[in-house]
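Coordinates from input_18.csv are shown below (CSV, C-alpha atoms).
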chain,number,residue,atom,x,y,z
A,1,VAL,CA,-1.4,25.3,-0.8
A,2,PHE,CA,2.1,26.6,-0.8
A,3,LEU,CA,2.9,24.8,2.5
A,4,GLY,CA,1.5,21.5,1.2
A,5,LEU,CA,3.3,21.8,-2.2
A,6,SER,CA,6.6,22.7,-0.7
A,7,SER,CA,6.4,19.8,1.8
A,8,TRP,CA,5.6,17.4,-1.1
A,9,ILE,CA,8.5,18.6,-3.2
A,10,MET,CA,10.9,18.4,-0.2
A,11,LEU,CA,9.8,14.9,0.8
A,12,TYR,CA,9.8,13.6,-2.8
A,13,LEU,CA,13.4,14.9,-3.3
A,14,VAL,CA,14.5,13.2,0.0
A,15,ARG,CA,12.8,10.0,-1.2
A,16,GLU,CA,14.6,10.1,-4.6
A,17,ILE,CA,18.0,10.8,-2.8
A,18,LYS,CA,17.5,7.7,-0.7
A,19,ARG,CA,16.2,5.5,-3.5
A,20,ARG,CA,18.9,6.5,-6.0
A,21,LYS,CA,21.6,6.6,-3.4
A,22,ILE,CA,22.8,10.0,-4.7
A,23,ILE,CA,24.7,10.6,-1.5
A,24,LYS,CA,27.3,7.9,-0.7
A,25,PHE,CA,27.7,6.9,2.9
A,26,ASN,CA,30.1,4.0,2.5
A,27,GLN,CA,33.2,6.2,1.9
A,28,PRO,CA,35.8,6.5,4.8
A,29,ASP,CA,35.5,9.7,6.9
A,30,ARG,CA,38.5,12.0,6.3
A,31,SER,CA,38.0,14.0,9.5
A,32,LEU,CA,35.8,14.3,12.5
A,33,PHE,CA,33.8,17.0,10.7
A,34,HIS,CA,33.0,14.7,7.8
A,35,LYS,CA,31.9,12.0,10.2
A,36,ILE,CA,29.6,14.3,12.1
A,37,LEU,CA,28.2,15.6,8.8
A,38,ARG,CA,27.6,12.1,7.5
A,39,ILE,CA,25.7,11.2,10.7
A,40,ALA,CA,23.6,14.4,10.6
A,41,ILE,CA,22.7,13.8,6.9
A,42,THR,CA,21.7,10.2,7.6
A,43,ILE,CA,19.5,11.2,10.5
A,44,SER,CA,17.9,14.0,8.5
A,45,LEU,CA,17.1,11.8,5.6
A,46,ASN,CA,15.6,9.0,7.8
A,47,ALA,CA,13.7,11.5,9.9
A,48,SER,CA,12.5,13.6,7.0
A,49,ASN,CA,8.8,13.0,7.9
A,50,LEU,CA,9.3,14.2,11.5
A,51,ILE,CA,11.3,17.2,10.4
A,52,ALA,CA,8.5,18.2,7.9
A,53,ILE,CA,5.9,17.9,10.7
A,54,LEU,CA,7.9,20.0,13.1
A,55,LEU,CA,8.7,22.7,10.6
A,56,GLY,CA,5.1,22.7,9.3
A,57,ALA,CA,3.8,23.0,12.9
A,58,LEU,CA,6.1,26.1,13.5
A,59,ILE,CA,4.9,27.7,10.3
A,60,ALA,CA,1.2,26.9,11.1
A,61,ARG,CA,1.6,28.4,14.6
A,62,SER,CA,3.1,31.6,13.2
A,63,ILE,CA,0.2,31.9,10.7
A,64,THR,CA,-2.5,31.2,13.3
A,65,LEU,CA,-1.0,33.7,15.8
A,66,GLY,CA,-0.8,36.2,13.0
A,67,GLY,CA,-4.5,36.2,12.6
A,68,SER,CA,-4.7,34.1,9.4
A,69,THR,CA,-6.4,30.7,9.1
A,70,ILE,CA,-4.9,27.3,8.1
A,71,GLN,CA,-6.2,23.8,8.5
A,72,ILE,CA,-4.6,22.2,11.5
A,73,VAL,CA,-5.1,19.0,13.5
A,74,GLY,CA,-6.6,21.0,16.4
A,75,GLU,CA,-7.6,19.5,19.8
A,76,VAL,CA,-6.8,15.8,20.2
A,77,PRO,CA,-8.5,14.1,23.2
A,78,SER,CA,-5.9,12.7,25.6
A,79,GLY,CA,-5.8,9.4,27.5
A,80,ILE,CA,-7.4,6.0,26.6
A,81,LEU,CA,-10.7,4.6,27.5
A,82,PRO,CA,-10.8,1.9,30.2
A,83,PRO,CA,-11.6,-1.6,29.0
A,84,SER,CA,-15.3,-2.3,28.8
A,85,PHE,CA,-17.7,-4.7,27.2
A,86,VAL,CA,-21.2,-4.0,25.8
A,87,SER,CA,-23.7,-6.8,25.7
A,88,LEU,CA,-26.0,-7.1,22.7
A,89,GLY,CA,-29.2,-9.1,22.2
A,90,PHE,CA,-29.6,-11.9,19.8
A,91,SER,CA,-31.6,-9.8,17.3
A,92,GLN,CA,-29.0,-7.1,17.3
A,93,CYS,CA,-26.3,-9.6,16.7
A,94,VAL,CA,-28.2,-11.1,13.7
A,95,GLU,CA,-28.7,-7.6,12.3
A,96,LEU,CA,-24.9,-6.9,12.5
A,97,VAL,CA,-23.8,-10.1,10.8
A,98,PRO,CA,-24.1,-8.9,7.1
A,99,ALA,CA,-22.4,-5.6,7.8
A,100,SER,CA,-19.7,-7.3,9.9
A,101,MET,CA,-18.9,-9.8,7.2
A,102,ALA,CA,-18.6,-7.1,4.6
A,103,ILE,CA,-16.3,-5.0,6.8
A,104,ALA,CA,-14.2,-8.1,7.7
A,105,PHE,CA,-13.9,-9.1,4.1
A,106,VAL,CA,-12.9,-5.7,2.8
A,107,SER,CA,-10.5,-5.0,5.7
A,108,PHE,CA,-8.7,-8.3,5.3
A,109,ALA,CA,-8.6,-8.1,1.5
A,110,GLY,CA,-7.0,-4.7,1.8
A,111,ASN,CA,-4.6,-5.9,4.5
A,112,TRP,CA,-3.6,-9.0,2.4
A,113,ALA,CA,-3.1,-6.9,-0.7
A,114,ILE,CA,-0.7,-4.6,1.1
A,115,ALA,CA,1.1,-7.5,2.8
A,116,LYS,CA,1.6,-9.3,-0.6
A,117,LYS,CA,2.8,-6.1,-2.2
A,118,TYR,CA,5.6,-5.4,0.3
A,119,ALA,CA,6.4,-9.1,0.6
A,120,SER,CA,7.0,-9.3,-3.1
A,121,ALA,CA,9.1,-6.1,-3.1
A,122,ASN,CA,11.3,-7.2,-0.2
A,123,ASN,CA,11.6,-10.9,-1.0
A,124,TYR,CA,9.9,-12.4,2.0
A,125,SER,CA,6.8,-14.7,2.4
A,126,VAL,CA,3.6,-14.1,4.3
A,127,ASP,CA,1.1,-16.6,5.5
A,128,ALA,CA,-2.6,-15.7,4.9
A,129,THR,CA,-3.7,-17.9,7.8
A,130,GLN,CA,-1.3,-16.3,10.2
A,131,GLU,CA,-2.4,-12.9,9.0
A,132,LEU,CA,-6.0,-13.8,9.5
A,133,ILE,CA,-5.4,-15.0,13.1
A,134,ALA,CA,-3.5,-11.8,14.0
A,135,TYR,CA,-6.2,-9.7,12.4
A,136,GLY,CA,-8.9,-11.5,14.4
A,137,PHE,CA,-7.1,-11.3,17.8
A,138,SER,CA,-6.4,-7.6,17.2
A,139,ASN,CA,-10.1,-6.9,16.7
A,140,ILE,CA,-11.1,-9.0,19.7
A,141,ILE,CA,-8.7,-7.0,21.9
A,142,GLY,CA,-9.7,-3.7,20.3
A,143,VAL,CA,-13.3,-4.2,21.1
A,144,LEU,CA,-12.5,-3.9,24.8
A,145,PHE,CA,-11.2,-0.4,24.2
A,146,ASN,CA,-14.0,0.7,21.8
A,147,SER,CA,-11.6,0.9,18.9
A,148,VAL,CA,-12.6,1.0,15.2
A,149,VAL,CA,-12.0,-2.1,13.0
A,150,VAL,CA,-8.3,-3.0,13.1
A,151,SER,CA,-6.6,-3.5,9.7
A,152,GLY,CA,-3.4,-2.8,7.9
A,153,GLY,CA,-3.5,0.7,6.6
A,154,LEU,CA,-2.3,1.5,3.0
A,155,ALA,CA,-1.1,5.0,3.8
A,156,ARG,CA,0.3,4.1,7.2
A,157,THR,CA,2.2,1.1,5.8
A,158,ALA,CA,3.7,3.2,3.0
A,159,VAL,CA,4.8,5.9,5.4
A,160,ASN,CA,6.3,3.3,7.7
A,161,VAL,CA,8.3,1.8,4.8
A,162,GLU,CA,9.4,5.2,3.5
A,163,SER,CA,10.6,6.0,7.0
A,164,GLY,CA,13.0,3.1,6.8
A,165,ALA,CA,11.2,0.4,8.8
A,166,LYS,CA,12.6,-3.1,8.2
A,167,SER,CA,11.0,-5.4,10.7
A,168,GLN,CA,8.0,-5.8,13.0
A,169,VAL,CA,9.9,-4.0,15.7
A,170,SER,CA,8.8,-0.8,14.1
A,171,GLY,CA,5.2,-1.8,14.9
A,172,CYS,CA,6.0,-2.3,18.5
A,173,ILE,CA,7.8,1.1,18.7
A,174,THR,CA,4.9,2.8,16.9
A,175,ALA,CA,2.4,1.3,19.4
A,176,VAL,CA,4.5,2.5,22.4
A,177,LEU,CA,4.9,6.0,21.0
A,178,ILE,CA,1.2,6.2,20.2
A,179,LEU,CA,0.3,5.2,23.8
A,180,MET,CA,2.8,7.7,25.2
A,181,SER,CA,1.5,10.4,22.8
A,182,LEU,CA,-2.1,9.8,23.9
A,183,LEU,CA,-1.2,10.1,27.5
A,184,LEU,CA,1.3,12.9,27.4
A,185,LEU,CA,1.8,14.6,24.1
A,186,THR,CA,-1.6,15.4,22.6
A,187,SER,CA,-1.2,19.1,23.2
A,188,PHE,CA,1.8,19.2,20.8
A,189,PHE,CA,-0.4,18.0,17.9
A,190,TYR,CA,-2.5,21.1,17.9
A,191,TYR,CA,-0.6,23.1,15.3
A,192,ILE,CA,0.3,20.2,12.9
A,193,PRO,CA,-1.0,21.3,9.5
A,194,MET,CA,-3.2,18.9,7.5
A,195,ALA,CA,-1.4,19.9,4.3
A,196,VAL,CA,1.9,18.5,5.6
A,197,LEU,CA,0.3,15.2,6.7
A,198,SER,CA,-1.3,14.9,3.3
A,199,ALA,CA,2.0,15.5,1.6
A,200,ILE,CA,3.7,12.7,3.7
A,201,ILE,CA,1.0,10.2,2.8
A,202,GLN,CA,1.0,11.1,-0.9
A,203,VAL,CA,4.8,10.9,-1.3
A,204,SER,CA,4.8,7.5,0.6
A,205,ILE,CA,2.0,6.0,-1.6
A,206,VAL,CA,3.8,7.1,-4.8
A,207,SER,CA,6.3,4.2,-4.3
A,208,MET,CA,3.4,1.7,-4.5
A,209,ILE,CA,2.4,2.7,-8.1
A,210,ASP,CA,4.1,0.2,-10.4
A,211,PHE,CA,3.5,1.1,-14.0
A,212,GLU,CA,6.1,-1.4,-15.2
A,213,GLU,CA,4.1,-4.2,-13.7
A,214,MET,CA,1.0,-3.0,-15.8
A,215,VAL,CA,3.1,-2.9,-19.0
A,216,SER,CA,4.5,-6.4,-18.2
A,217,ALA,CA,1.0,-7.7,-17.6
A,218,TYR,CA,-0.2,-6.2,-20.9
A,219,LYS,CA,2.5,-8.0,-22.8
A,220,ILE,CA,1.7,-11.4,-21.1
A,221,LYS,CA,-2.1,-11.2,-20.8
A,222,LYS,CA,-4.1,-8.1,-21.8
A,223,SER,CA,-7.1,-8.9,-19.5
A,224,ASP,CA,-4.9,-8.9,-16.4
A,225,SER,CA,-3.6,-5.5,-17.4
A,226,LEU,CA,-7.1,-4.2,-17.9
A,227,VAL,CA,-8.1,-5.3,-14.4
A,228,MET,CA,-5.0,-3.5,-13.0
A,229,VAL,CA,-5.6,-0.3,-14.9
A,230,VAL,CA,-9.4,-0.1,-14.1
A,231,THR,CA,-8.8,-0.9,-10.4
A,232,PHE,CA,-6.0,1.8,-10.2
A,233,LEU,CA,-8.3,4.4,-11.8
A,234,ALA,CA,-11.2,3.5,-9.5
A,235,THR,CA,-9.0,3.7,-6.4
A,236,PHE,CA,-7.4,7.0,-7.5
A,237,PHE,CA,-10.6,8.8,-8.4
A,238,VAL,CA,-13.2,7.2,-6.2
A,239,GLY,CA,-11.7,5.5,-3.1
A,240,VAL,CA,-9.8,2.5,-1.8
A,241,THR,CA,-12.9,0.5,-0.8
A,242,ASP,CA,-14.7,1.1,-4.1
A,243,GLY,CA,-11.5,0.4,-6.1
A,244,LEU,CA,-11.1,-2.9,-4.2
A,245,PHE,CA,-14.6,-4.0,-5.0
A,246,VAL,CA,-14.2,-3.0,-8.7
A,247,GLY,CA,-11.0,-5.1,-8.9
A,248,ILE,CA,-12.7,-8.1,-7.2
A,249,ILE,CA,-15.7,-7.9,-9.5
A,250,LEU,CA,-13.6,-7.5,-12.7
A,251,SER,CA,-11.3,-10.4,-11.7
A,252,LEU,CA,-14.3,-12.7,-11.0
A,253,SER,CA,-15.9,-11.6,-14.3
A,254,MET,CA,-12.7,-12.5,-16.2
A,255,ILE,CA,-12.6,-16.0,-14.5
A,256,PHE,CA,-16.2,-16.7,-15.2
A,257,HIS,CA,-15.8,-15.6,-18.9
A,258,SER,CA,-12.7,-17.8,-19.4
A,259,THR,CA,-14.6,-20.7,-17.8
A,260,ALA,CA,-17.7,-20.2,-19.9
A,261,PHE,CA,-15.9,-19.6,-23.1
A,262,PRO,CA,-12.6,-21.6,-23.0
A,263,HIS,CA,-10.2,-21.5,-25.9
A,264,VAL,CA,-10.7,-24.3,-28.4
A,265,ALA,CA,-7.9,-25.3,-30.8
A,266,HIS,CA,-8.6,-27.3,-33.9
A,267,LEU,CA,-5.7,-29.6,-34.4
A,268,GLY,CA,-4.2,-30.7,-37.7
A,269,LYS,CA,-1.4,-33.0,-38.6
A,270,LEU,CA,1.9,-31.5,-40.0
A,271,PRO,CA,3.5,-33.1,-43.1
A,272,PRO,CA,6.3,-35.6,-42.5
A,273,SER,CA,8.9,-33.0,-43.5
A,274,GLU,CA,7.8,-31.0,-40.4
A,275,GLY,CA,7.6,-33.8,-37.9
A,276,SER,CA,4.0,-35.1,-38.4
A,277,HIS,CA,3.0,-33.5,-35.1
A,278,PHE,CA,-0.6,-32.2,-34.4
A,279,LYS,CA,-0.7,-28.4,-34.2
A,280,ASP,CA,-3.3,-25.6,-34.1
A,281,VAL,CA,-4.5,-25.1,-37.7
A,282,ASN,CA,-4.9,-21.4,-37.0
A,283,ARG,CA,-1.2,-21.0,-36.2
A,284,PHE,CA,0.3,-23.6,-38.6
A,285,SER,CA,-1.0,-23.2,-42.2
A,286,SER,CA,0.6,-26.5,-43.3
A,287,ALA,CA,-1.3,-28.5,-40.7
A,288,GLN,CA,-4.2,-30.5,-42.2
A,289,GLN,CA,-7.2,-31.5,-40.3
A,290,ILE,CA,-8.2,-35.2,-40.2
A,291,PRO,CA,-11.9,-35.9,-40.4
A,292,TRP,CA,-13.5,-36.7,-37.1
A,293,VAL,CA,-10.4,-35.6,-35.2
A,294,ALA,CA,-10.7,-32.3,-33.4
Any chance you could give the structure as structure tokens?
Amino acid sequence: VFLGLSSWIMLYLVREIKRRKIIKFNQPDRSLFHKILRIAITISLNASNLIAILLGALIARSITLGGSTIQIVGEVPSGILPPSFVSLGFSQCVELVPASMAIAFVSFAGNWAIAKKYASANNYSVDATQELIAYGFSNIIGVLFNSVVVSGGLARTAVNVESGAKSQVSGCITAVLILMSLLLLTSFFYYIPMAVLSAIIQVSIVSMIDFEEMVSAYKIKKSDSLVMVVTFLATFFVGVTDGLFVGIILSLSMIFHSTAFPHVAHLGKLPPSEGSHFKDVNRFSSAQQIPWVA
């Protein structure tokens, strides 16, 4: 508990320092020492997740060798499986269709929600069709290596952004590093504590919680704010998949309700002194309804 809490506090402070720009890096260096110090601080802030993992692994190793227990990653299988293809019968394919469609829908919906969130935050556009094509090809290639369903991960995306990633090059670098790690570095993952990994994910996801958007939605349309709050609570207390389904069901319910019970305004004519326009009688007390005119 102490290790996870201390890691969380350290990472959150680093995040706030970077977000609030408490340390200024645009000032001219007065000496070689200041220049080296500025570079060291910049590297430390941007590599805070890696530093937390290394320090946590050293502490976990000391605790484990001392005879105490702590939750660690443990053994990680090395290498990658060779490409292979498993043939299925027609009946098996039919049985897999409902589950496959559900998994594809939930995965893409989550992927699209994450993409839209960061596209809006960083002022760039995303194409749903292009995302779907990339998502499909990734899964087709992944099948050959017996991978799980490929999708954009909420926690992994948040960690990537908090680490300073700005473009898709970070994805390529991550893929190369993962491949190298699976082939050469799995033994180094043994003592990484789960508490530190949890702290990294939690601090990264904090940036995605936007309470100001909920307040803004409440001022504009209360039903939209209700959907956001209920979806957030369901995701926080139950899980991402369940929260996603709750949000979809609530959104569809709101649409069906507004379609079935549309707003009807009874119009009345204003007096000549107010322009003789037709206005809602519930909002303009001086408007008078005309018989047989709605």
Using all atoms listed in the file, which residue out of A:Val97, A:Ile80, A:Ala287, A:Ile53 lies closest to His266 in chain A?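 Among the listed residues, the smallest separation from His266 in chain A belongs to A:Ala287.
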Within 12 Å of range 230-242 of chain A, which residues of range 125-218 of chain A come that close, and what is the closest atom pair and distance in Å for each? Count only C-alpha atoms and give it as CSV.
residue,atom,partner,partner_atom,distance
A:Gly153,CA,A:Val240,CA,10.7
A:Leu154,CA,A:Val240,CA,9.0
A:Ala155,CA,A:Val240,CA,10.6
A:Gln202,CA,A:Phe236,CA,11.4
A:Ile205,CA,A:Phe236,CA,11.1
A:Val206,CA,A:Phe236,CA,11.5
A:Met208,CA,A:Phe232,CA,11.0
A:Ile209,CA,A:Phe232,CA,8.7
A:Asp210,CA,A:Phe232,CA,10.2
A:Phe211,CA,A:Phe232,CA,10.3
A:Met214,CA,A:Phe232,CA,10.2
Considering only C-alpha atoms, can you say which of A:Asn49, A:Asn139, A:Ser187, A:Thr174 comes closest to Val159 in chain A?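 Closest candidate: A:Asn49.
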Do you have the CA of Ala265 in chain A-CA of Val281 in chain A distance handy?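 Computing it gives 7.7 Å between the two atoms.
Here CA of Ile192 in chain A and CA of Ser163 in chain A stand 18.5 Å from one another.
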When distances are computed from all atoms listed in the file, which of A:Lys117, A:Val76, A:Gly171, A:Phe105 shows the smallest separation from Leu183 in chain A?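 Of A:Lys117, A:Val76, A:Gly171, A:Phe105, the one nearest Leu183 in chain A is A:Val76, counting all atoms listed in the file.
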In Å and to one decimal, CA of Leu132 in chain A is distant from CA of Val150 in chain A by 11.6 Å
